[in-house]
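One file, upload.pdb, is given below (PDB, C-alpha atoms, pLDDT in the B column).
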MODEL        1
ATOM      1  CA  MET A   1      16.696   6.455  -6.090  1.00 76.00           C
ATOM      2  CA  PRO A   2      14.159   6.874  -3.255  1.00 80.00           C
ATOM      3  CA  THR A   3      14.945   9.468  -0.624  1.00 87.00           C
ATOM      4  CA  ILE A   4      15.752   8.435   2.934  1.00 90.00           C
ATOM      5  CA  ASP A   5      12.423   9.937   4.000  1.00 92.00           C
ATOM      6  CA  ALA A   6      10.527   7.854   1.416  1.00 92.00           C
ATOM      7  CA  GLN A   7      12.350   4.705   2.530  1.00 95.00           C
ATOM      8  CA  ALA A   8      11.464   5.456   6.164  1.00 95.00           C
ATOM      9  CA  ARG A   9       7.769   5.962   5.290  1.00 95.00           C
ATOM     10  CA  ALA A  10       7.793   2.697   3.314  1.00 96.00           C
ATOM     11  CA  ALA A  11       9.307   0.828   6.262  1.00 97.00           C
ATOM     12  CA  GLU A  12       6.754   2.347   8.644  1.00 96.00           C
ATOM     13  CA  LEU A  13       3.849   1.404   6.359  1.00 96.00           C
ATOM     14  CA  GLN A  14       5.215  -2.131   6.030  1.00 96.00           C
ATOM     15  CA  ARG A  15       5.372  -2.447   9.848  1.00 96.00           C
ATOM     16  CA  GLN A  16       1.806  -1.132  10.180  1.00 95.00           C
ATOM     17  CA  ILE A  17       0.464  -3.556   7.575  1.00 94.00           C
ATOM     18  CA  ALA A  18       2.272  -6.482   9.244  1.00 93.00           C
ATOM     19  CA  THR A  19       0.759  -5.504  12.597  1.00 94.00           C
ATOM     20  CA  LEU A  20      -2.747  -5.136  11.155  1.00 91.00           C
ATOM     21  CA  THR A  21      -2.673  -8.374   9.146  1.00 89.00           C
ATOM     22  CA  GLY A  22      -0.607 -10.555  11.458  1.00 88.00           C
ATOM     23  CA  HIS A  23       1.783 -11.612   8.676  1.00 87.00           C
ATOM     24  CA  LYS A  24       4.746 -10.240   6.722  1.00 85.00           C
ATOM     25  CA  LEU A  25       3.772 -11.224   3.167  1.00 86.00           C
ATOM     26  CA  ALA A  26       3.256  -7.605   2.105  1.00 90.00           C
ATOM     27  CA  GLN A  27       6.267  -5.455   1.370  1.00 94.00           C
ATOM     28  CA  VAL A  28       6.281  -1.739   0.625  1.00 97.00           C
ATOM     29  CA  LYS A  29       8.431  -0.080  -2.012  1.00 96.00           C
ATOM     30  CA  PRO A  30       8.744   3.689  -2.465  1.00 97.00           C
ATOM     31  CA  TYR A  31       8.217   4.823  -6.060  1.00 96.00           C
ATOM     32  CA  GLY A  32       8.161   8.566  -6.663  1.00 93.00           C
ATOM     33  CA  LYS A  33       5.311  10.032  -4.626  1.00 94.00           C
ATOM     34  CA  HIS A  34       3.786   6.568  -4.150  1.00 96.00           C
ATOM     35  CA  LEU A  35       4.264   3.756  -1.658  1.00 97.00           C
ATOM     36  CA  LEU A  36       3.581   0.509  -3.522  1.00 97.00           C
ATOM     37  CA  ILE A  37       2.196  -2.399  -1.504  1.00 96.00           C
ATOM     38  CA  GLN A  38       3.426  -5.639  -2.980  1.00 94.00           C
ATOM     39  CA  MET A  39       2.632  -9.259  -2.188  1.00 90.00           C
ATOM     40  CA  HIS A  40       5.501 -11.707  -2.508  1.00 82.00           C
ATOM     41  CA  ARG A  41       4.431 -15.276  -3.188  1.00 79.00           C
ATOM     42  CA  ASP A  42       6.825 -17.962  -4.362  1.00 81.00           C
ATOM     43  CA  ASP A  43       8.754 -16.353  -7.239  1.00 85.00           C
ATOM     44  CA  SER A  44       6.182 -13.700  -8.122  1.00 86.00           C
ATOM     45  CA  VAL A  45       5.604 -10.136  -6.961  1.00 88.00           C
ATOM     46  CA  ASP A  46       2.194  -8.496  -7.393  1.00 89.00           C
ATOM     47  CA  THR A  47       1.671  -4.791  -6.749  1.00 91.00           C
ATOM     48  CA  ILE A  48      -1.816  -4.760  -5.268  1.00 91.00           C
ATOM     49  CA  ALA A  49      -2.250  -1.287  -3.797  1.00 94.00           C
ATOM     50  CA  ARG A  50      -0.580   2.072  -3.490  1.00 95.00           C
ATOM     51  CA  LEU A  51      -0.625   5.072  -1.222  1.00 96.00           C
ATOM     52  CA  THR A  52      -0.001   8.467  -2.800  1.00 96.00           C
ATOM     53  CA  ASP A  53       1.593  11.289  -0.833  1.00 95.00           C
ATOM     54  CA  LEU A  54      -0.675  14.328  -1.114  1.00 95.00           C
ATOM     55  CA  GLY A  55       1.544  16.469   1.132  1.00 91.00           C
ATOM     56  CA  ARG A  56       1.415  17.472   4.792  1.00 89.00           C
ATOM     57  CA  ASN A  57       1.391  13.823   5.949  1.00 90.00           C
ATOM     58  CA  THR A  58      -1.792  13.111   3.991  1.00 96.00           C
ATOM     59  CA  TYR A  59      -2.212  10.095   1.728  1.00 96.00           C
ATOM     60  CA  SER A  60      -4.790   8.706  -0.666  1.00 96.00           C
ATOM     61  CA  SER A  61      -5.014   5.026  -1.533  1.00 95.00           C
ATOM     62  CA  ALA A  62      -5.969   2.859  -4.484  1.00 95.00           C
ATOM     63  CA  PHE A  63      -6.141  -0.818  -5.419  1.00 93.00           C
ATOM     64  CA  ARG A  64      -5.009  -2.249  -8.735  1.00 90.00           C
ATOM     65  CA  SER A  65      -8.008  -3.759 -10.496  1.00 87.00           C
ATOM     66  CA  HIS A  66      -7.983  -6.893 -12.636  1.00 85.00           C
ATOM     67  CA  THR A  67      -7.656  -4.592 -15.675  1.00 90.00           C
ATOM     68  CA  GLY A  68      -4.469  -3.058 -14.288  1.00 87.00           C
ATOM     69  CA  ARG A  69      -6.064   0.332 -13.594  1.00 93.00           C
ATOM     70  CA  TRP A  70      -5.874   2.027 -10.212  1.00 94.00           C
ATOM     71  CA  GLU A  71      -9.234   2.198  -8.426  1.00 93.00           C
ATOM     72  CA  PRO A  72      -9.197   4.845  -5.681  1.00 94.00           C
ATOM     73  CA  LEU A  73     -10.509   4.126  -2.213  1.00 92.00           C
ATOM     74  CA  PRO A  74     -12.662   6.804  -0.586  1.00 90.00           C
ATOM     75  CA  GLY A  75     -11.002   8.940   2.035  1.00 87.00           C
ATOM     76  CA  THR A  76      -7.589  10.304   2.845  1.00 94.00           C
ATOM     77  CA  GLY A  77      -5.545  10.480   6.008  1.00 95.00           C
ATOM     78  CA  ASP A  78      -2.182  10.109   7.639  1.00 96.00           C
ATOM     79  CA  LEU A  79      -0.078   6.998   7.055  1.00 95.00           C
ATOM     80  CA  ALA A  80      -1.654   4.978   9.892  1.00 94.00           C
ATOM     81  CA  THR A  81      -5.227   5.890   8.926  1.00 94.00           C
ATOM     82  CA  THR A  82      -4.636   5.057   5.278  1.00 94.00           C
ATOM     83  CA  ALA A  83      -2.965   1.751   6.197  1.00 92.00           C
ATOM     84  CA  ASP A  84      -6.095   0.849   8.199  1.00 92.00           C
ATOM     85  CA  LEU A  85      -8.272   1.762   5.207  1.00 90.00           C
ATOM     86  CA  VAL A  86      -6.260  -0.392   2.787  1.00 90.00           C
ATOM     87  CA  VAL A  87      -6.159  -3.425   5.075  1.00 90.00           C
ATOM     88  CA  PHE A  88      -9.879  -3.152   5.855  1.00 87.00           C
ATOM     89  CA  ALA A  89     -10.687  -2.848   2.144  1.00 83.00           C
ATOM     90  CA  ALA A  90      -8.454  -5.813   1.286  1.00 76.00           C
ATOM     91  CA  TRP A  91     -10.219  -8.013   3.850  1.00 71.00           C
ATOM     92  CA  SER A  92     -13.586  -6.848   2.498  1.00 65.00           C
ATOM     93  CA  LEU A  93     -12.862  -7.831  -1.111  1.00 56.00           C
ATOM     94  CA  PRO A  94     -14.687 -10.915  -2.379  1.00 52.00           C
ATOM     95  CA  ARG A  95     -12.477 -13.996  -2.587  1.00 48.00           C
ATOM     96  CA  CYS A  96     -12.332 -15.877  -5.891  1.00 45.00           C
TER      97      CYS A  96
ENDMDL
END
Would you encode the structure as structure tokens?
Amino acid sequence: MPTIDAQARAAELQRQIATLTGHKLAQVKPYGKHLLIQMHRDDSVDTIARLTDLGRNTYSSAFRSHTGRWEPLPGTGDLATTADLVVFAAWSLPRC
């Protein structure tokens, strides 16, 4: 069961992503020391990225690759900085 603090961080990250992207398709779920960024489309849920709590309000980020492995993004920062990094990286990915 996620802590109240983890749920609050997940809600804050979800608000930041919605503000940065202009839509509410992404939802954030706390999972241990991670905040999982999930896309909800129709009846499916895809976990596409995660932020990992490194302590002292510092996070790292990673995207799930097509192989299912986590590919880290360069850089760390607070929740807002890392949200910016993830959204920027997502918009920079090539579209298939």
Could you pull out every residue with an atom within 9 Å of (-2.1, 2.1, 11.3), file coordinates, counting all atoms listed in the file, and send them as a PyMOL selection string? chain A and resi 13+15-17+19-20+78-85
Restricting the calculation to all atoms listed in the file: of A:Thr21, A:Thr67, A:Thr3, A:Thr76, which residue gets closest to Leu51 of chain A? A:Thr76
Hey, can you check how far atom CA of Ile4 of chain A sits from atom CA of Val87 of chain A? 25.0 Å
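Nearest residue to Ile48 of chain A, choosing from A:Ala90, A:Ala18, A:Leu73, A:Ala11 and counting all atoms listed in the file: A:Ala90.
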Once the PyMOL selection byres ((chain A and resi 34) around 9) has been applied to the shown file, what residues remain in the selection, as a list in words? Ala6, Lys29, Pro30, Tyr31, Gly32, Lys33, Leu35, Leu36, Arg50, Leu51, Thr52 and Asp53 of chain A
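Interatomic distance, atom CA of Ala89 of chain A against atom CA of Ala62 of chain A: 9.9 Å.
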Correct to one decimal, the distance atom CA of Asn57 of chain A-atom CA of Gly75 of chain A is 13.9 Å
Using the chain letters and numbers from the file, give me the residues hit by the PyMOL selection byres ((chain A and resi 45) around 12), as an MDAnalysis selection string. chainID A and resid 25:29 36:44 46:48
